[in-house]
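Visitor: Take a look at model12.cif, mmCIF, C-alpha atoms:
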```cif
data_input
loop_
_atom_site.label_atom_id
_atom_site.label_comp_id
_atom_site.auth_asym_id
_atom_site.auth_seq_id
_atom_site.Cartn_x
_atom_site.Cartn_y
_atom_site.Cartn_z
CA MET A 1 3.88 -6.66 -2.96
CA VAL A 2 5.01 -3.10 -2.31
CA ARG A 3 1.52 -1.94 -3.32
CA VAL A 4 0.00 -4.48 -0.94
CA ARG A 5 2.21 -3.08 1.81
CA ASP A 6 0.96 0.41 0.97
CA GLY A 7 -2.65 -0.71 1.39
CA ASP A 8 -3.66 -1.78 -2.09
CA GLN A 9 -5.72 -4.89 -1.35
CA ALA A 10 -6.43 -5.57 -5.01
CA SER A 11 -2.73 -6.14 -5.60
CA PHE A 12 -2.81 -9.04 -3.19
CA GLY A 13 -5.37 -10.66 -5.46
CA LEU A 14 -3.04 -10.16 -8.40
CA LEU A 15 -0.16 -11.74 -6.49
CA LEU A 16 -2.38 -14.67 -5.63
CA GLU A 17 -3.42 -15.09 -9.24
CA LYS A 18 0.16 -15.17 -10.40
CA HIS A 19 1.76 -17.33 -7.73
CA ARG A 20 -1.04 -19.59 -6.48
CA SER A 21 -0.41 -22.45 -8.90
CA PRO A 22 3.40 -22.53 -8.69
CA VAL A 23 3.29 -22.58 -4.88
CA VAL A 24 0.67 -25.35 -4.79
CA HIS A 25 2.59 -27.37 -7.38
CA PHE A 26 5.86 -26.96 -5.49
CA LEU A 27 4.28 -28.03 -2.21
CA HIS A 28 2.49 -30.92 -3.88
CA ARG A 29 5.80 -32.22 -5.16
CA MET A 30 7.19 -31.95 -1.65
CA VAL A 31 4.36 -33.46 0.37
CA HIS A 32 2.72 -35.70 -2.28
CA ASN A 33 -0.79 -34.86 -1.12
CA ARG A 34 -2.98 -32.35 -2.91
CA ALA A 35 -5.15 -31.40 0.08
CA VAL A 36 -2.14 -30.89 2.32
CA ALA A 37 -0.35 -28.96 -0.43
CA GLU A 38 -3.28 -26.58 -0.77
CA GLU A 39 -3.55 -26.14 2.98
CA LEU A 40 0.15 -25.36 3.24
CA ALA A 41 -0.09 -23.02 0.25
CA GLN A 42 -2.87 -21.12 2.00
CA GLU A 43 -0.65 -20.83 5.05
CA VAL A 44 2.09 -19.43 2.80
CA PHE A 45 -0.17 -16.68 1.47
CA LEU A 46 -1.59 -16.03 4.91
CA ARG A 47 1.91 -15.39 6.21
CA VAL A 48 2.62 -13.14 3.23
CA TYR A 49 -0.52 -11.16 4.03
CA ARG A 50 0.32 -10.93 7.75
CA SER A 51 3.80 -9.61 6.94
CA ARG A 52 2.64 -7.10 4.37
CA GLU A 53 3.20 -4.04 6.55
CA ASN A 54 6.83 -4.94 7.22
CA TYR A 55 7.71 -6.06 3.71
CA GLU A 56 10.95 -4.71 2.30
CA PRO A 57 11.89 -5.50 -1.31
CA THR A 58 15.44 -6.59 -0.49
CA ALA A 59 15.14 -9.69 -2.71
CA LYS A 60 12.78 -10.99 -5.37
CA PHE A 61 9.30 -11.68 -4.10
CA THR A 62 9.34 -15.24 -5.48
CA THR A 63 12.48 -15.97 -3.48
CA TRP A 64 10.75 -14.97 -0.25
CA LEU A 65 7.58 -16.79 -1.24
CA PHE A 66 9.31 -20.08 -1.96
CA ARG A 67 11.42 -19.79 1.16
CA ILE A 68 8.25 -19.73 3.22
CA ALA A 69 6.80 -22.58 1.16
CA MET A 70 9.90 -24.69 1.52
CA HIS A 71 10.07 -24.23 5.27
CA LEU A 72 6.42 -25.15 5.69
CA GLY A 73 6.85 -28.16 3.42
CA LEU A 74 9.98 -29.38 5.19
CA ASN A 75 8.37 -28.89 8.60
CA TRP A 76 5.37 -30.91 7.52
CA ILE A 77 7.64 -33.71 6.23
CA ARG A 78 9.74 -33.70 9.40
CA ASP A 79 6.61 -34.05 11.51
CA GLY A 80 6.54 -37.58 10.15
CA ARG A 81 3.03 -37.44 8.83
CA ASN A 82 4.07 -37.90 5.21
CA GLU A 83 3.69 -41.68 5.12
CA LYS A 84 0.01 -41.98 5.84
CA PHE A 85 -0.97 -38.92 3.85
CA HIS A 86 0.85 -39.75 0.67
CA ASP A 87 -1.32 -39.82 -2.40
CA ARG A 88 -0.89 -43.16 -4.06
CA LEU A 89 -1.06 -43.01 -7.78
CA ASP A 90 -3.25 -46.10 -7.89
CA ASP A 91 -5.69 -44.75 -5.32
CA GLU A 92 -8.78 -42.90 -6.36
CA THR A 93 -10.23 -39.79 -4.80
CA SER A 94 -13.54 -39.89 -3.00
CA ASP A 95 -15.39 -38.93 -6.15
CA GLY A 96 -13.77 -41.74 -8.12
CA ALA A 97 -11.46 -39.55 -10.19
CA SER A 98 -7.82 -40.51 -10.49
CA LYS A 99 -5.21 -38.28 -8.93
CA GLN A 100 -3.47 -37.19 -12.09
CA VAL A 101 -5.68 -35.66 -14.71
CA PRO A 102 -5.57 -38.18 -17.58
CA ASP A 103 -4.70 -37.09 -21.05
CA ARG A 104 -7.73 -38.19 -22.98
CA SER A 105 -5.74 -38.29 -26.23
CA ARG A 106 -3.75 -41.27 -24.84
CA THR A 107 -4.92 -44.82 -25.23
CA VAL A 108 -5.32 -46.99 -22.15
CA GLU A 109 -1.98 -48.63 -22.82
CA LEU A 110 -0.17 -45.34 -23.18
CA GLU A 111 -1.91 -44.04 -20.09
CA LEU A 112 -0.63 -47.01 -18.09
CA VAL A 113 2.87 -46.46 -19.41
CA TYR A 114 2.61 -42.78 -18.53
CA GLN A 115 1.42 -43.52 -15.00
CA ALA A 116 4.25 -46.01 -14.49
CA LYS A 117 6.77 -43.46 -15.72
CA LEU A 118 5.30 -40.81 -13.45
CA ARG A 119 5.53 -43.16 -10.47
CA GLU A 120 9.20 -43.82 -11.19
CA VAL A 121 10.00 -40.12 -11.52
CA ARG A 122 8.23 -39.32 -8.25
CA GLN A 123 10.01 -42.14 -6.45
CA ALA A 124 13.37 -41.10 -7.87
CA ILE A 125 12.93 -37.51 -6.70
CA GLU A 126 11.58 -38.74 -3.36
CA SER A 127 14.73 -40.77 -2.86
CA LEU A 128 16.92 -37.64 -2.96
CA PRO A 129 18.05 -35.98 0.27
CA SER A 130 15.66 -33.15 1.20
CA LYS A 131 17.94 -30.28 0.15
CA GLN A 132 18.80 -31.89 -3.18
CA ARG A 133 15.10 -32.57 -3.73
CA ALA A 134 14.21 -28.96 -2.96
CA ALA A 135 17.01 -27.69 -5.24
CA VAL A 136 15.80 -29.84 -8.14
CA MET A 137 12.19 -28.77 -7.68
CA LEU A 138 13.08 -25.10 -7.50
CA HIS A 139 15.44 -25.33 -10.46
CA LYS A 140 13.53 -27.67 -12.76
CA TYR A 141 9.87 -26.97 -11.96
CA GLU A 142 9.89 -23.41 -10.62
CA GLU A 143 12.75 -22.25 -12.89
CA LEU A 144 14.42 -20.17 -10.20
CA GLU A 145 17.94 -18.83 -10.75
CA TYR A 146 20.89 -20.11 -8.75
CA THR A 147 20.97 -17.00 -6.55
CA GLN A 148 17.28 -17.33 -5.80
CA ILE A 149 17.64 -21.00 -4.93
CA ALA A 150 20.58 -20.12 -2.70
CA ASN A 151 18.42 -17.59 -0.83
CA VAL A 152 15.57 -20.04 -0.44
CA LEU A 153 17.82 -22.81 0.84
CA SER A 154 19.95 -20.42 2.90
CA CYS A 155 23.20 -21.55 1.31
CA SER A 156 25.77 -20.24 -1.16
CA GLU A 157 25.40 -20.27 -4.92
CA SER A 158 28.26 -22.72 -5.26
CA ALA A 159 26.51 -25.01 -2.78
CA VAL A 160 23.39 -24.87 -4.95
CA LYS A 161 25.38 -25.83 -8.04
CA SER A 162 26.90 -28.71 -6.13
CA LEU A 163 23.47 -29.84 -4.88
CA LEU A 164 22.06 -29.76 -8.40
CA TYR A 165 25.04 -31.58 -9.89
CA ARG A 166 24.74 -34.44 -7.38
CA ALA A 167 20.96 -34.55 -7.62
CA TYR A 168 20.87 -34.70 -11.41
CA GLU A 169 23.63 -37.27 -11.45
CA SER A 170 21.61 -39.51 -9.10
CA LEU A 171 18.48 -39.01 -11.14
CA ARG A 172 20.25 -39.72 -14.41
CA THR A 173 21.52 -43.00 -13.00
CA ARG A 174 18.14 -43.99 -11.61
CA LEU A 175 16.12 -42.97 -14.65
CA ALA A 176 18.62 -43.92 -17.35
CA HIS A 177 16.32 -46.66 -18.68
CA MET A 178 13.76 -44.00 -19.53
CA ALA A 179 16.08 -42.34 -22.05
CA MET B 1 35.80 -22.81 -26.47
CA TYR B 2 37.58 -24.90 -23.87
CA CYS B 3 35.83 -28.17 -22.96
CA PRO B 4 33.69 -27.50 -19.89
CA LEU B 5 33.80 -31.18 -18.89
CA LYS B 6 37.59 -31.15 -18.85
CA ASN B 7 37.67 -27.86 -17.02
CA GLY B 8 35.60 -28.89 -14.03
CA ASP B 9 32.62 -26.63 -14.56
CA GLY B 10 31.12 -28.86 -17.23
CA ALA B 11 28.24 -29.99 -15.11
CA GLU B 12 27.06 -26.44 -14.52
CA VAL B 13 27.35 -25.51 -18.20
CA VAL B 14 25.53 -28.67 -19.34
CA ILE B 15 22.75 -28.21 -16.76
CA SER B 16 22.32 -24.53 -17.61
CA TYR B 17 22.41 -25.24 -21.34
CA VAL B 18 19.64 -27.86 -21.11
CA ALA B 19 17.64 -25.62 -18.74
CA GLY B 20 17.99 -22.78 -21.26
CA THR B 21 19.53 -20.37 -18.76
CA LEU B 22 22.91 -19.76 -20.40
CA ASP B 23 23.45 -16.26 -21.72
CA ALA B 24 23.23 -15.99 -25.50
CA GLU B 25 26.98 -15.69 -26.11
CA THR B 26 27.93 -18.69 -23.92
CA ASP B 27 25.06 -20.68 -25.38
CA SER B 28 26.17 -20.28 -28.98
CA GLU B 29 29.80 -20.88 -28.02
CA PHE B 30 28.90 -24.14 -26.30
CA GLN B 31 26.84 -25.25 -29.27
CA ARG B 32 29.85 -24.72 -31.51
CA HIS B 33 32.01 -26.68 -29.05
CA MET B 34 29.59 -29.62 -28.98
CA GLY B 35 30.08 -29.97 -32.70
CA THR B 36 33.64 -31.12 -31.97
CA CYS B 37 33.31 -32.74 -28.52
CA PRO B 38 31.45 -36.09 -28.26
CA LYS B 39 31.73 -36.16 -24.48
CA CYS B 40 29.87 -32.90 -24.13
CA ARG B 41 27.29 -34.08 -26.68
CA ASP B 42 26.70 -37.27 -24.66
CA ALA B 43 26.44 -35.31 -21.41
CA VAL B 44 23.88 -32.96 -22.94
CA ALA B 45 21.89 -35.87 -24.39
CA ALA B 46 21.76 -37.59 -20.99
CA GLN B 47 20.66 -34.38 -19.27
CA GLU B 48 18.02 -33.72 -21.92
CA ALA B 49 16.64 -37.25 -21.48
CA LEU B 50 16.41 -36.68 -17.74
CA TRP B 51 14.76 -33.28 -18.32
CA SER B 52 12.18 -34.90 -20.52
CA ALA B 53 11.51 -37.64 -17.97
CA LEU B 54 11.08 -35.07 -15.21
CA ASP B 55 8.53 -33.28 -17.40
CA ALA B 56 6.25 -36.30 -16.88
CA TRP B 57 5.50 -34.98 -13.40
CA GLY B 58 3.10 -32.28 -14.39
CA PRO B 59 1.19 -29.93 -12.12
CA VAL B 60 -2.06 -30.92 -10.39
CA PRO B 61 -5.09 -28.67 -10.76
CA VAL B 62 -5.74 -26.23 -7.91
CA SER B 63 -9.16 -26.37 -6.24
CA PRO B 64 -11.55 -23.70 -7.54
CA ASP B 65 -12.39 -22.58 -3.99
CA PHE B 66 -8.74 -22.03 -3.00
CA ASP B 67 -9.02 -18.23 -3.03
CA TYR B 68 -12.36 -18.27 -1.24
CA LYS B 69 -10.96 -20.38 1.60
CA LEU B 70 -7.88 -18.19 1.87
CA PHE B 71 -9.83 -14.94 2.08
CA ARG B 72 -12.17 -16.50 4.62
CA ARG B 73 -9.19 -17.40 6.80
CA ILE B 74 -7.86 -13.87 6.46
CA ALA B 75 -11.24 -12.40 7.43
CA GLU B 76 -11.55 -14.72 10.45
CA GLU B 77 -8.10 -13.81 11.61
CA GLU B 78 -8.80 -10.10 11.31
CA ARG B 79 -12.09 -10.49 13.19
CA GLY B 80 -10.27 -12.34 15.95
CA GLN B 81 -7.72 -9.55 16.22
CA TRP B 82 -10.51 -6.98 16.55
CA TRP B 83 -12.20 -8.88 19.39
CA ARG B 84 -8.90 -9.42 21.15
CA SER B 85 -8.17 -5.70 21.06
CA LEU B 86 -11.57 -5.04 22.65
CA ALA B 87 -11.18 -7.61 25.37
CA TRP B 88 -7.67 -6.63 26.21
CA PRO B 89 -7.10 -3.15 24.83
CA GLN B 90 -3.38 -2.98 24.72
CA TRP B 91 -3.33 0.64 23.79
CA TRP B 92 -4.28 1.79 27.31
CA TRP B 93 -3.57 -1.02 29.77
CA ARG B 94 0.10 -0.31 30.04
CA PRO B 95 -0.11 3.23 31.48
CA ALA B 96 -3.19 2.24 33.51
CA MET B 97 -1.39 -0.47 35.47
CA PRO B 98 0.92 1.77 37.53
CA VAL B 99 -1.96 4.18 38.18
CA ALA B 100 -4.12 1.31 39.45
CA ALA B 101 -1.29 0.10 41.67
CA ALA B 102 -0.82 3.59 43.12
CA CYS B 103 -4.55 3.88 43.86
CA ALA B 104 -4.51 0.51 45.62
CA LEU B 105 -1.59 1.64 47.82
CA LEU B 106 -3.31 4.89 48.74
CA ALA B 107 -6.53 3.08 49.64
CA GLY B 108 -4.61 0.64 51.83
CA ALA B 109 -2.79 3.45 53.63
CA PHE B 110 -6.04 5.31 54.26
CA LEU B 111 -7.70 2.26 55.74
CA LEU B 112 -4.77 1.64 58.05
CA ARG B 113 -4.90 5.20 59.43
CA HIS B 114 -8.68 5.43 59.63
CA PRO B 115 -10.06 2.04 60.47
CA ALA B 116 -13.82 1.57 60.14
CA PRO B 117 -15.77 2.33 63.43
CA THR B 118 -16.88 -0.73 65.47
CA ILE B 119 -20.24 -1.03 67.35
CA SER B 120 -19.73 -0.70 71.25
CA GLN B 121 -20.91 -3.30 73.73
CA GLU B 122 -23.36 -0.83 75.16
CA ALA B 123 -24.82 -0.22 71.74
CA GLN B 124 -25.14 -3.94 71.19
CA THR B 125 -26.97 -4.45 74.55
CA GLN B 126 -29.09 -1.30 74.26
CA PRO B 127 -31.95 -2.81 72.31
CA LYS B 128 -32.19 -5.59 74.91
CA LEU B 129 -32.42 -3.08 77.76
CA GLU B 130 -35.05 -1.11 75.99
CA ILE B 131 -37.16 -4.18 75.61
CA GLU B 132 -36.87 -4.99 79.29
CA GLN B 133 -37.81 -1.46 80.23
CA VAL B 134 -40.85 -1.61 78.06
CA GLU B 135 -41.90 -4.84 79.64
CA HIS B 136 -41.47 -3.36 83.12
CA ALA B 137 -43.41 -0.32 82.06
CA LEU B 138 -46.26 -2.46 80.83
CA ASP B 139 -46.26 -4.45 84.05
CA ASP B 140 -46.39 -1.21 86.02
CA MET B 141 -49.26 0.00 83.95
CA ASP B 142 -51.17 -3.18 84.60
CA LEU B 143 -50.52 -2.84 88.30
CA LEU B 144 -51.65 0.77 88.28
CA ARG B 145 -54.74 -0.16 86.37
CA GLN B 146 -55.60 -2.78 88.93
CA LEU B 147 -54.95 -0.35 91.78
CA GLY B 148 -57.18 2.20 90.11
CA VAL B 149 -60.05 -0.24 89.85
CA GLU B 150 -59.80 -1.14 93.59
CA ALA B 151 -59.73 2.53 94.56
CA ILE B 152 -62.88 3.17 92.65
CA SER B 153 -64.61 0.22 94.24
CA ASP B 154 -63.50 1.40 97.70
CA LYS B 155 -65.26 4.71 97.11
CA ALA B 156 -68.50 3.00 96.32
CA SER B 157 -71.65 3.39 98.75
CA PRO B 158 -71.64 1.58 102.06
CA SER B 159 -74.94 0.00 101.15
CA GLU B 160 -73.33 -1.67 98.29
CA LYS B 161 -70.75 -3.03 100.61
CA ILE B 162 -73.41 -4.70 102.90
#
```
For this file, write the structure as structure tokens.
Guide:
Amino acid sequence: MVRVRDGDQASFGLLLEKHRSPVVHFLHRMVHNRAVAEELAQEVFLRVYRSRENYEPTAKFTTWLFRIAMHLGLNWIRDGRNEKFHDRLDDETSDGASKQVPDRSRTVELELVYQAKLREVRQAIESLPSKQRAAVMLHKYEELEYTQIANVLSCSESAVKSLLYRAYESLRTRLAHMA
Amino acid sequence: MYCPLKNGDGAEVVISYVAGTLDAETDSEFQRHMGTCPKCRDAVAAQEALWSALDAWGPVPVSPDFDYKLFRRIAEEERGQWWRSLAWPQWWWRPAMPVAAACALLAGAFLLRHPAPTISQEAQTQPKLEIEQVEHALDDMDLLRQLGVEAISDKASPSEKI
């Protein structure tokens, strides 16, 4: 990112290559809609590009990146548009393909079981308060450290640990039958 | 090792252990402790089961034209900035504003001191008078012409008169 700030446009492409998927995946888990997630992810990188001249490496780049992503995701959710734009797992896309890419090594039965399990996991995470949900997604799926999560969520490290403890406890209770 | 669950920070140790983020020394120490502590073993097993369940929510594929759309948006935005700078060049309008205001004041003061000349009543009626004079002159010429013809006929021979 420092090279991008100094005018190296090719480095922006490298950043995009490295962080495109994690940002889209994170936003998809927040907003539950692939098209919206990609649109928001583009907005994230657009803001990164706009701010390139003023960038100062005071924290890890991923921390800054996910902070932008989280704010955009939370704003989109708070706008109240999440209900009608949710991807339903049993809906098909316009080209007839299912939302989740099926594992072709699974039988139909196993695929149904997998889809049911996935639905339960998504609903369990969805049921968490927004900050707990964000903490779980950043910790579990993006593998950020506690300090990074604290920076993204604008809270202390001890608050992050508390959020994660309560979130995982809720999820363990809700998904205990999957053990 | 003391039991993390009894000590209050057990949740953090268990979570970090399952996530694989404990430092090497603490990790091996906790593993040794679990050999003698069933509570910690159960806590780890529960967290590992949850971790495995959460793994079911895998990533979705990103559209192949994601980068293309992003760079197009960047290009459009940069084009828009270029046009805006042309239409409203911010680099010079700020010093130009006070200069323009000063020029407007000077022009207003000049006009107040030297108002534009107005056309006099005489000048406005002059063309009308000229027309009347011409008409009179033409009438006089007609009269003179007529008088000239009579004078010539008066000078004609007496025989012509009889």
Visitor: May I ask you to extract the residues of chain B within 7 Å of chain A, using only C-alpha atoms, and to give them as a PyMOL selection string?
Guide: chain B and resi 11-12+49-50+53-54+56-57+59-60+62+70+74
Visitor: Kindly give the distance, in Å, that separates atom CA of Pro4 of chain B and atom CA of Thr147 of chain A, rounded to a single decimal.
Guide: 21.2 Å
Visitor: Determine the residue set returned by the PyMOL selection byres ((chain A and resi 132) around 8) for the present structure, and present it as a PyMOL selection string.
Guide: chain A and resi 128-131+133-136+163-164+166-167
Visitor: Enter the distance from atom CA of Gln47 of chain B to atom CA of Gln148 of chain A, in Å, rounded to one decimal.
Guide: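 That distance, rounded to one decimal, is 22.0 Å.
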Visitor: So that I can check the surroundings of Val31 of chain A, please list as number ranges by chain every protein, DNA and RNA residue that reaches within 7 Å of it, counting all atoms listed in the file and ignoring chain neighbours fewer than 4 positions away.
Guide: A: 27, 37, 73, 77, 82
Visitor: Pick the closest to Arg3 of chain A from A:Leu40, A:Ala116, A:Met30, A:Arg52: which is it, counting all atoms listed in the file?
Guide: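 Under the stated criterion, the closest residue is A:Arg52.
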Visitor: Quick check, in Å to one decimal: how far apart do atom CA of Met70 of chain A and atom CA of Asn151 of chain A lie?
Guide: 11.3 Å
Visitor: Calculated over all atoms listed in the file, which of the candidates A:Leu153, A:Asp8, A:Ser170, A:Ala159 has the smallest distance to Ala69 of chain A?
Guide: A:Leu153
Visitor: Restricting the calculation to all atoms listed in the file, which member of B:Ile131, B:Met97, B:Val14, B:Leu5 is positioned closest to Val44 of chain B?
Guide: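 Selected residue with least distance to Val44 of chain B: B:Val14.
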Visitor: Choose the residue, out of A:Val4, A:Ala10, A:Leu112, A:Val36, that has the smallest atom-to-atom separation from Val48 of chain A; count only C-alpha atoms.
Guide: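 Closest residue, counting only C-alpha atoms: A:Val4.
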Visitor: Do you know which residues are at most 12 Å from Trp64 of chain A counting only C-alpha atoms, after dropping those on the same chain fewer than 2 positions away, and could you put them as a ChimeraX atom specification?
Guide: /A:1,19,23,44-45,47-48,51,55-62,66-71,144,148-154
